[in-house]
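File shown: start.txt. Contents: compact mmCIF, C-alpha atoms.
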```txt
# COMPACT_ATOMS: atom_id res chain seq x y z
CA MET A 1 140.34 129.01 109.98
CA ILE A 2 139.83 126.78 113.01
CA ASN A 3 138.52 128.84 115.91
CA LEU A 4 137.79 127.95 119.52
CA SER A 5 134.02 127.61 119.12
CA LEU A 6 134.50 125.13 116.26
CA ILE A 7 136.91 123.05 118.37
CA ILE A 8 134.44 123.03 121.29
CA TYR A 9 131.57 122.10 118.95
CA LEU A 10 133.53 119.26 117.34
CA ALA A 11 134.83 117.92 120.65
CA THR A 12 131.40 117.88 122.28
CA THR A 13 129.71 116.38 119.20
CA LEU A 14 132.25 113.60 118.74
CA PHE A 15 132.49 112.87 122.46
CA SER A 16 128.70 112.67 122.85
CA ALA A 17 128.39 110.54 119.70
CA ILE A 18 130.99 108.05 120.92
CA ILE A 19 129.39 107.89 124.38
CA LEU A 20 125.95 107.43 122.81
CA ILE A 21 127.16 104.57 120.59
CA TRP A 22 129.03 102.98 123.51
CA ILE A 23 125.99 103.08 125.82
CA THR A 24 123.81 101.72 123.03
CA ASN A 25 126.29 98.85 122.53
CA LEU A 26 126.11 98.01 126.21
CA ALA A 27 122.29 98.14 126.08
CA PHE A 28 122.27 95.77 123.08
CA ILE A 29 123.99 93.11 125.16
CA GLU A 30 122.37 93.90 128.50
CA LYS A 31 118.76 93.94 127.28
CA ARG A 32 119.41 91.32 124.56
CA LYS A 33 117.59 93.43 121.95
CA ILE A 34 118.79 95.53 119.02
CA PHE A 35 115.71 97.07 117.44
CA PRO A 36 114.50 99.35 120.31
CA PHE A 37 117.95 100.95 120.62
CA LEU A 38 118.54 101.39 116.88
CA PRO A 39 117.45 105.09 116.69
CA PHE A 40 120.03 106.08 119.36
CA PHE A 41 122.71 104.25 117.40
CA ILE A 42 121.73 105.98 114.13
CA ILE A 43 121.73 109.39 115.86
CA GLY A 44 125.27 108.65 117.11
CA LEU A 45 126.43 107.83 113.58
CA ALA A 46 124.71 110.93 112.19
CA PHE A 47 126.51 113.11 114.78
CA CYS A 48 129.86 111.70 113.61
CA VAL A 49 129.08 112.52 109.97
CA ASN A 50 127.82 115.96 110.99
CA ALA A 51 131.07 116.68 112.86
CA THR A 52 133.14 115.80 109.78
CA LEU A 53 130.99 117.92 107.47
CA VAL A 54 131.23 120.89 109.84
CA PHE A 55 135.01 120.47 110.18
CA PHE A 56 135.45 120.73 106.40
CA LYS A 57 132.84 123.51 106.19
CA ILE A 58 130.68 121.63 103.70
CA TYR A 59 127.39 121.83 105.53
CA LEU A 60 124.20 123.47 104.17
CA ASN A 61 124.11 121.05 101.23
CA TRP A 62 121.81 118.11 100.40
CA VAL A 63 123.89 115.55 102.37
CA TRP A 64 123.77 117.66 105.49
CA LEU A 65 120.00 118.27 105.11
CA PHE A 66 119.45 114.53 104.60
CA LEU A 67 121.41 113.88 107.77
CA GLU A 68 119.42 116.38 109.79
CA SER A 69 116.15 114.91 108.52
CA ILE A 70 117.38 111.44 109.60
CA VAL A 71 118.12 112.77 113.09
CA PHE A 72 114.63 114.26 113.39
CA ILE A 73 112.98 111.09 112.07
CA MET A 74 114.92 109.09 114.66
CA LEU A 75 113.77 111.45 117.40
CA VAL A 76 110.17 110.87 116.30
CA TRP A 77 110.85 107.12 116.34
CA ILE A 78 112.14 107.37 119.93
CA LEU A 79 109.05 109.33 120.96
CA MET A 80 106.81 106.72 119.32
CA LEU A 81 108.67 103.95 121.16
CA ILE A 82 108.27 105.75 124.49
CA ASN A 83 104.60 106.40 123.74
CA SER A 84 103.96 102.76 122.86
CA ARG A 85 105.74 101.60 125.99
CA TYR A 86 103.95 103.83 128.47
CA ALA A 87 100.59 104.20 126.73
CA LYS A 88 97.62 103.01 128.75
CA MET B 89 137.85 115.03 94.11
CA THR B 90 135.18 117.48 95.12
CA GLU B 91 134.94 118.66 98.70
CA LEU B 92 131.62 116.92 99.29
CA ILE B 93 132.88 113.49 98.20
CA ARG B 94 135.98 113.99 100.31
CA GLY B 95 133.81 114.84 103.32
CA ILE B 96 131.57 111.80 102.78
CA ALA B 97 134.62 109.53 102.48
CA ILE B 98 136.24 110.93 105.62
CA SER B 99 133.02 110.59 107.63
CA ASN B 100 132.63 107.03 106.34
CA TYR B 101 136.12 106.10 107.48
CA LEU B 102 135.59 107.89 110.81
CA ILE B 103 132.42 105.86 111.45
CA GLN B 104 134.23 102.64 110.55
CA TYR B 105 137.10 103.42 112.94
CA ILE B 106 134.76 104.33 115.80
CA LEU B 107 132.58 101.25 115.34
CA LEU B 108 135.49 98.83 115.02
CA ILE B 109 137.38 100.24 118.00
CA LEU B 110 134.21 100.05 120.14
CA LEU B 111 133.60 96.51 118.86
CA VAL B 112 137.13 95.47 119.82
CA GLY B 113 136.55 96.90 123.32
CA ILE B 114 133.23 95.10 123.70
CA LEU B 115 134.70 91.80 122.46
CA ILE B 116 137.67 92.00 124.85
CA THR B 117 135.36 92.60 127.83
CA GLU B 118 133.00 89.83 126.68
CA TYR B 119 135.91 87.41 126.25
CA TYR B 120 137.06 87.86 129.84
CA LYS B 121 133.52 88.01 131.28
CA ARG B 122 132.43 84.63 129.89
CA LYS B 123 133.05 81.14 131.18
CA LYS B 124 135.72 79.16 129.40
CA ASP B 125 133.29 76.79 127.68
CA ASN B 126 131.26 79.68 126.23
CA ARG B 127 134.07 81.54 124.48
CA LYS B 128 133.92 79.83 121.10
CA GLY B 129 133.98 82.34 118.27
CA VAL B 130 134.54 85.44 120.41
CA LEU B 131 138.33 85.46 120.04
CA ALA B 132 138.06 84.86 116.29
CA PHE B 133 135.68 87.80 115.90
CA LEU B 134 138.06 89.90 118.01
CA LEU B 135 141.02 89.07 115.76
CA LEU B 136 138.85 89.66 112.72
CA SER B 137 137.78 93.12 113.85
CA MET B 138 141.41 94.02 114.64
CA GLY B 139 142.40 92.80 111.16
CA ILE B 140 139.63 94.85 109.55
CA THR B 141 140.81 97.95 111.47
CA ILE B 142 144.34 97.49 110.09
CA PHE B 143 142.91 96.90 106.61
CA ILE B 144 140.90 100.12 106.83
CA ILE B 145 144.01 102.09 107.85
CA PHE B 146 145.69 100.88 104.62
CA ASP B 147 142.51 101.54 102.64
CA THR B 148 142.29 105.11 103.96
CA TYR B 149 145.85 105.68 102.73
CA ARG B 150 144.93 104.18 99.36
CA PHE B 151 141.84 106.36 98.99
CA PHE B 152 143.38 109.70 99.94
CA ILE B 153 146.85 109.31 98.46
CA GLY B 154 145.54 107.48 95.40
CA TYR B 155 148.35 104.91 95.48
CA ASN B 156 146.73 102.07 93.56
CA LYS B 157 149.58 100.00 92.18
CA GLY B 158 152.52 97.70 92.86
CA ILE B 159 153.19 95.67 95.98
CA PHE B 160 150.88 97.88 98.07
CA LEU B 161 147.78 96.85 96.15
CA THR B 162 148.88 93.19 96.21
CA VAL B 163 149.28 93.31 100.00
CA LEU B 164 145.88 94.99 100.32
CA MET B 165 144.14 92.41 98.15
CA GLY B 166 145.92 89.55 99.94
CA MET B 167 144.81 90.95 103.27
CA ASN B 168 141.26 91.26 101.96
CA ILE B 169 141.21 87.62 100.82
CA VAL B 170 142.68 86.37 104.13
CA LEU B 171 140.17 88.40 106.19
CA LEU B 172 137.18 87.29 104.09
CA SER B 173 138.17 83.60 104.22
CA PHE B 174 138.78 83.86 107.98
CA PHE B 175 135.37 85.48 108.36
CA VAL B 176 133.63 82.72 106.37
CA VAL B 177 135.48 79.93 108.24
CA ASN B 178 134.62 81.47 111.61
CA CYS B 179 130.97 81.98 110.67
CA VAL B 180 130.72 78.37 109.48
CA SER B 181 132.27 77.13 112.73
CA VAL B 182 129.55 78.96 114.75
CA TRP B 183 126.84 78.52 112.12
CA GLY B 184 124.04 77.71 114.55
CA LYS B 185 124.55 80.88 116.56
CA ILE B 186 124.83 83.59 113.88
CA ASN B 187 122.13 85.44 112.00
CA LYS B 188 122.02 83.89 108.53
CA LYS B 189 120.20 86.83 106.95
CA LEU B 190 122.94 89.26 107.97
CA PHE B 191 125.60 86.78 106.83
CA PHE B 192 124.10 86.53 103.34
CA ILE B 193 123.23 90.23 103.04
CA ILE B 194 126.92 91.27 103.31
CA PRO B 195 128.15 89.72 100.00
CA VAL B 196 124.93 90.62 98.17
CA PHE B 197 125.12 94.26 99.32
CA VAL B 198 128.82 94.71 98.48
CA THR B 199 128.59 92.93 95.11
CA GLY B 200 125.47 94.91 94.23
CA ILE B 201 127.14 98.24 94.91
CA ILE B 202 130.27 97.28 92.96
CA ILE B 203 128.15 96.19 89.98
CA PHE B 204 126.23 99.50 90.23
CA GLU B 205 129.52 101.42 90.16
CA GLN B 206 130.83 99.43 87.19
CA MET B 207 127.57 99.99 85.28
CA PHE B 208 127.99 103.74 85.72
CA LYS B 209 131.59 103.50 84.53
CA TRP B 210 130.81 101.41 81.44
CA PHE B 211 127.57 102.95 80.21
CA LEU B 212 127.65 106.56 81.40
CA ASP B 213 131.42 107.05 81.77
CA ILE B 214 130.98 108.41 85.31
CA SER B 215 133.56 107.36 87.90
CA LEU B 216 131.94 106.81 91.29
CA GLU B 217 134.86 105.54 93.37
CA ILE B 218 133.13 106.82 96.51
CA LEU B 219 130.72 103.88 96.19
CA ASN B 220 133.58 101.49 97.09
CA THR B 221 134.02 103.34 100.36
CA VAL B 222 130.27 103.41 100.98
CA ALA B 223 130.10 99.65 100.31
CA MET B 224 132.86 99.04 102.81
CA GLY B 225 131.14 101.22 105.39
CA GLY B 226 127.91 99.32 104.90
CA ALA B 227 129.72 96.00 105.14
CA THR B 228 131.38 97.14 108.39
CA ILE B 229 128.01 98.10 109.90
CA LEU B 230 126.49 94.76 108.83
CA PHE B 231 129.49 92.89 110.28
CA TYR B 232 129.06 94.91 113.49
CA PHE B 233 125.42 93.84 113.84
CA LEU B 234 126.29 90.24 112.96
CA VAL B 235 128.79 90.16 115.82
CA PHE B 236 126.26 91.75 118.18
CA LYS B 237 123.58 89.23 117.24
CA PHE B 238 126.13 86.49 117.87
CA LEU B 239 127.03 87.97 121.28
CA ILE B 240 123.35 88.26 122.23
CA THR B 241 122.49 84.68 121.26
CA THR B 242 125.52 83.25 123.04
CA SER B 243 125.32 85.43 126.15
CA GLU B 244 125.09 83.50 129.41
CA ARG B 245 121.91 85.25 130.46
CA GLY B 246 120.31 84.29 127.17
CA ILE B 247 121.28 80.65 127.51
CA GLU B 248 119.92 80.58 131.09
CA SER B 249 116.62 82.17 130.06
CA ARG B 250 116.29 79.68 127.18
CA LYS B 251 116.90 76.81 129.58
CA MET B 252 114.24 78.25 131.92
CA LEU B 253 111.79 78.50 129.03
CA ARG B 254 112.46 74.89 128.06
CA ARG B 255 111.98 73.82 131.67
CA SER B 256 108.71 75.72 131.96
CA ALA B 257 107.53 74.24 128.65
CA SER B 258 108.33 70.72 129.82
CA LEU B 259 106.59 71.47 133.15
CA LYS B 260 103.48 72.56 131.25
CA LYS B 261 103.57 69.31 129.28
CA VAL B 262 103.86 67.31 132.50
CA LEU B 263 100.98 69.25 134.06
CA LYS B 264 98.80 68.68 130.98
CA GLN B 265 99.45 64.93 131.15
```
Let's see the structure in the file written out as structure tokens.
Amino acid sequence: MINLSLIIYLATTLFSAIILIWITNLAFIEKRKIFPFLPFFIIGLAFCVNATLVFFKIYLNWVWLFLESIVFIMLVWILMLINSRYAK
Amino acid sequence: MTELIRGIAISNYLIQYILLILLVGILITEYYKRKKDNRKGVLAFLLLSMGITIFIIFDTYRFFIGYNKGIFLTVLMGMNIVLLSFFVVNCVSVWGKINKKLFFIIPVFVTGIIIFEQMFKWFLDISLEILNTVAMGGATILFYFLVFKFLITTSERGIESRKMLRRSASLKKVLKQ
């Protein structure tokens, strides 16, 4: 059964994923670099997959866990990038 | 088809649609932003990404309805051949500006996955049709990055900065002499 909270969750996830990918695309061209913005892009893709898995209620399996682990690894990557940029 | 494979296939197609639609948007804006003498290849990539989007709509129908025969499959294969040859011709026409590694990875990646799938079918009698979809998703992402690399190398800011670098290098040479 599709309830209101699921619709809100899916809408926010997909909307934020599309915005994230769009902003990353603009940054690719603006800054003329791809590699530093790659983790944001991968997080956007992972959010899309997550939304689909949640819609069909097939989360809590190995694919979903793999996806979550990718998101956390990307977050660590972003933190490492920030640290390397602003480290003294 | 189990639920998990169905979910993976749907998410794969969703990602492809999102990426291609965003790519079409970016290419349209880039086409109108650039000067007329710096537009070579952009329009072709735009048409190519539109063609791939239409192809993926047909492919989604094929995957979920399972209609794999007759004129439909012929049209799909014809479209595939036309798109691939257009892609190769366009990449050759802008050969100096594209990333060669990405260009050569695409056929190797797709052929490798199809061979992997066929090996499973022949030797272990396991049908892994989902791998076709995964291969297409991977190819779409590689194509996406190829187009972005092309846009970055041909962007006007990039050309200006390269000219500046050349000028500064020649200035250094002059100063050394």
May I have the residues within 6 Å of segment 7-22 of chain A as an MDAnalysis selection string, using all atoms listed in the file and disregarding those fewer than 3 positions away in the same chain? chainID A and resid 4 25 41 44 47:48 51
May I have a table of the residues of chain B lying at most 8 Å from chain A, giving each one's closest pair of atoms and their distance in Å to one decimal, counting all atoms listed in the file, ordered by chain and ascending residue number, as JSON lines?
```
{"residue": "B:Glu91", "atom": "CA", "partner": "A:Ile58", "partner_atom": "CA", "distance": 7.2}
{"residue": "B:Leu92", "atom": "CA", "partner": "A:Ile58", "partner_atom": "CA", "distance": 6.5}
{"residue": "B:Gly95", "atom": "CA", "partner": "A:Leu53", "partner_atom": "CA", "distance": 5.9}
{"residue": "B:Ile96", "atom": "CA", "partner": "A:Val49", "partner_atom": "CA", "distance": 7.6}
{"residue": "B:Ile98", "atom": "CA", "partner": "A:Thr52", "partner_atom": "CA", "distance": 7.1}
{"residue": "B:Ser99", "atom": "CA", "partner": "A:Val49", "partner_atom": "CA", "distance": 5.0}
{"residue": "B:Asn100", "atom": "CA", "partner": "A:Val49", "partner_atom": "CA", "distance": 7.5}
{"residue": "B:Leu102", "atom": "CA", "partner": "A:Cys48", "partner_atom": "CA", "distance": 7.4}
{"residue": "B:Ile103", "atom": "CA", "partner": "A:Leu45", "partner_atom": "CA", "distance": 6.7}
{"residue": "B:Ile106", "atom": "CA", "partner": "A:Ile18", "partner_atom": "CA", "distance": 7.4}
{"residue": "B:Leu110", "atom": "CA", "partner": "A:Trp22", "partner_atom": "CA", "distance": 6.8}
{"residue": "B:Ile114", "atom": "CA", "partner": "A:Asn25", "partner_atom": "CA", "distance": 8.0}
{"residue": "B:Phe236", "atom": "CA", "partner": "A:Ile29", "partner_atom": "CA", "distance": 7.5}
{"residue": "B:Leu239", "atom": "CA", "partner": "A:Ile29", "partner_atom": "CA", "distance": 7.1}
{"residue": "B:Ile240", "atom": "CA", "partner": "A:Arg32", "partner_atom": "CA", "distance": 5.5}
{"residue": "B:Ser243", "atom": "CA", "partner": "A:Ile29", "partner_atom": "CA", "distance": 7.9}
{"residue": "B:Gly246", "atom": "CA", "partner": "A:Arg32", "partner_atom": "CA", "distance": 7.6}
```
Contacts of Cys179 of chain B at 12 Å or less, counting all atoms listed in the file, minus same-chain residues fewer than 2 places along, as a PyMOL selection string? chain B and resi 128-130+132-133+136+172-177+181-188+190-192+231+234-235+238
Find the distance between atom CA of Ala227 of chain B and atom CA of Met80 of chain A and write it in Å to one decimal.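 Interatomic distance, atom CA of Ala227 of chain B to atom CA of Met80 of chain A: 29.0 Å.
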Of the candidates B:Thr148, B:Ala257, B:Val180, B:Met138, which shows the shortest atom-to-atom distance to Ile218 of chain B, using all atoms listed in the file? B:Thr148
In Å to one decimal, how far is atom CA of Phe204 of chain B from atom CA of Tyr149 of chain B? 24.1 Å
Give me the residues within 8 Å of Ile140 of chain B as a PyMOL selection string, counting all atoms listed in the file and dropping any in the same chain fewer than 3 places off. chain B and resi 108+136-137+143-144+171
Just the number, please: distance in Å from atom CA of Met224 of chain B to atom CA of Lys157 of chain B, one decimal. 19.8 Å
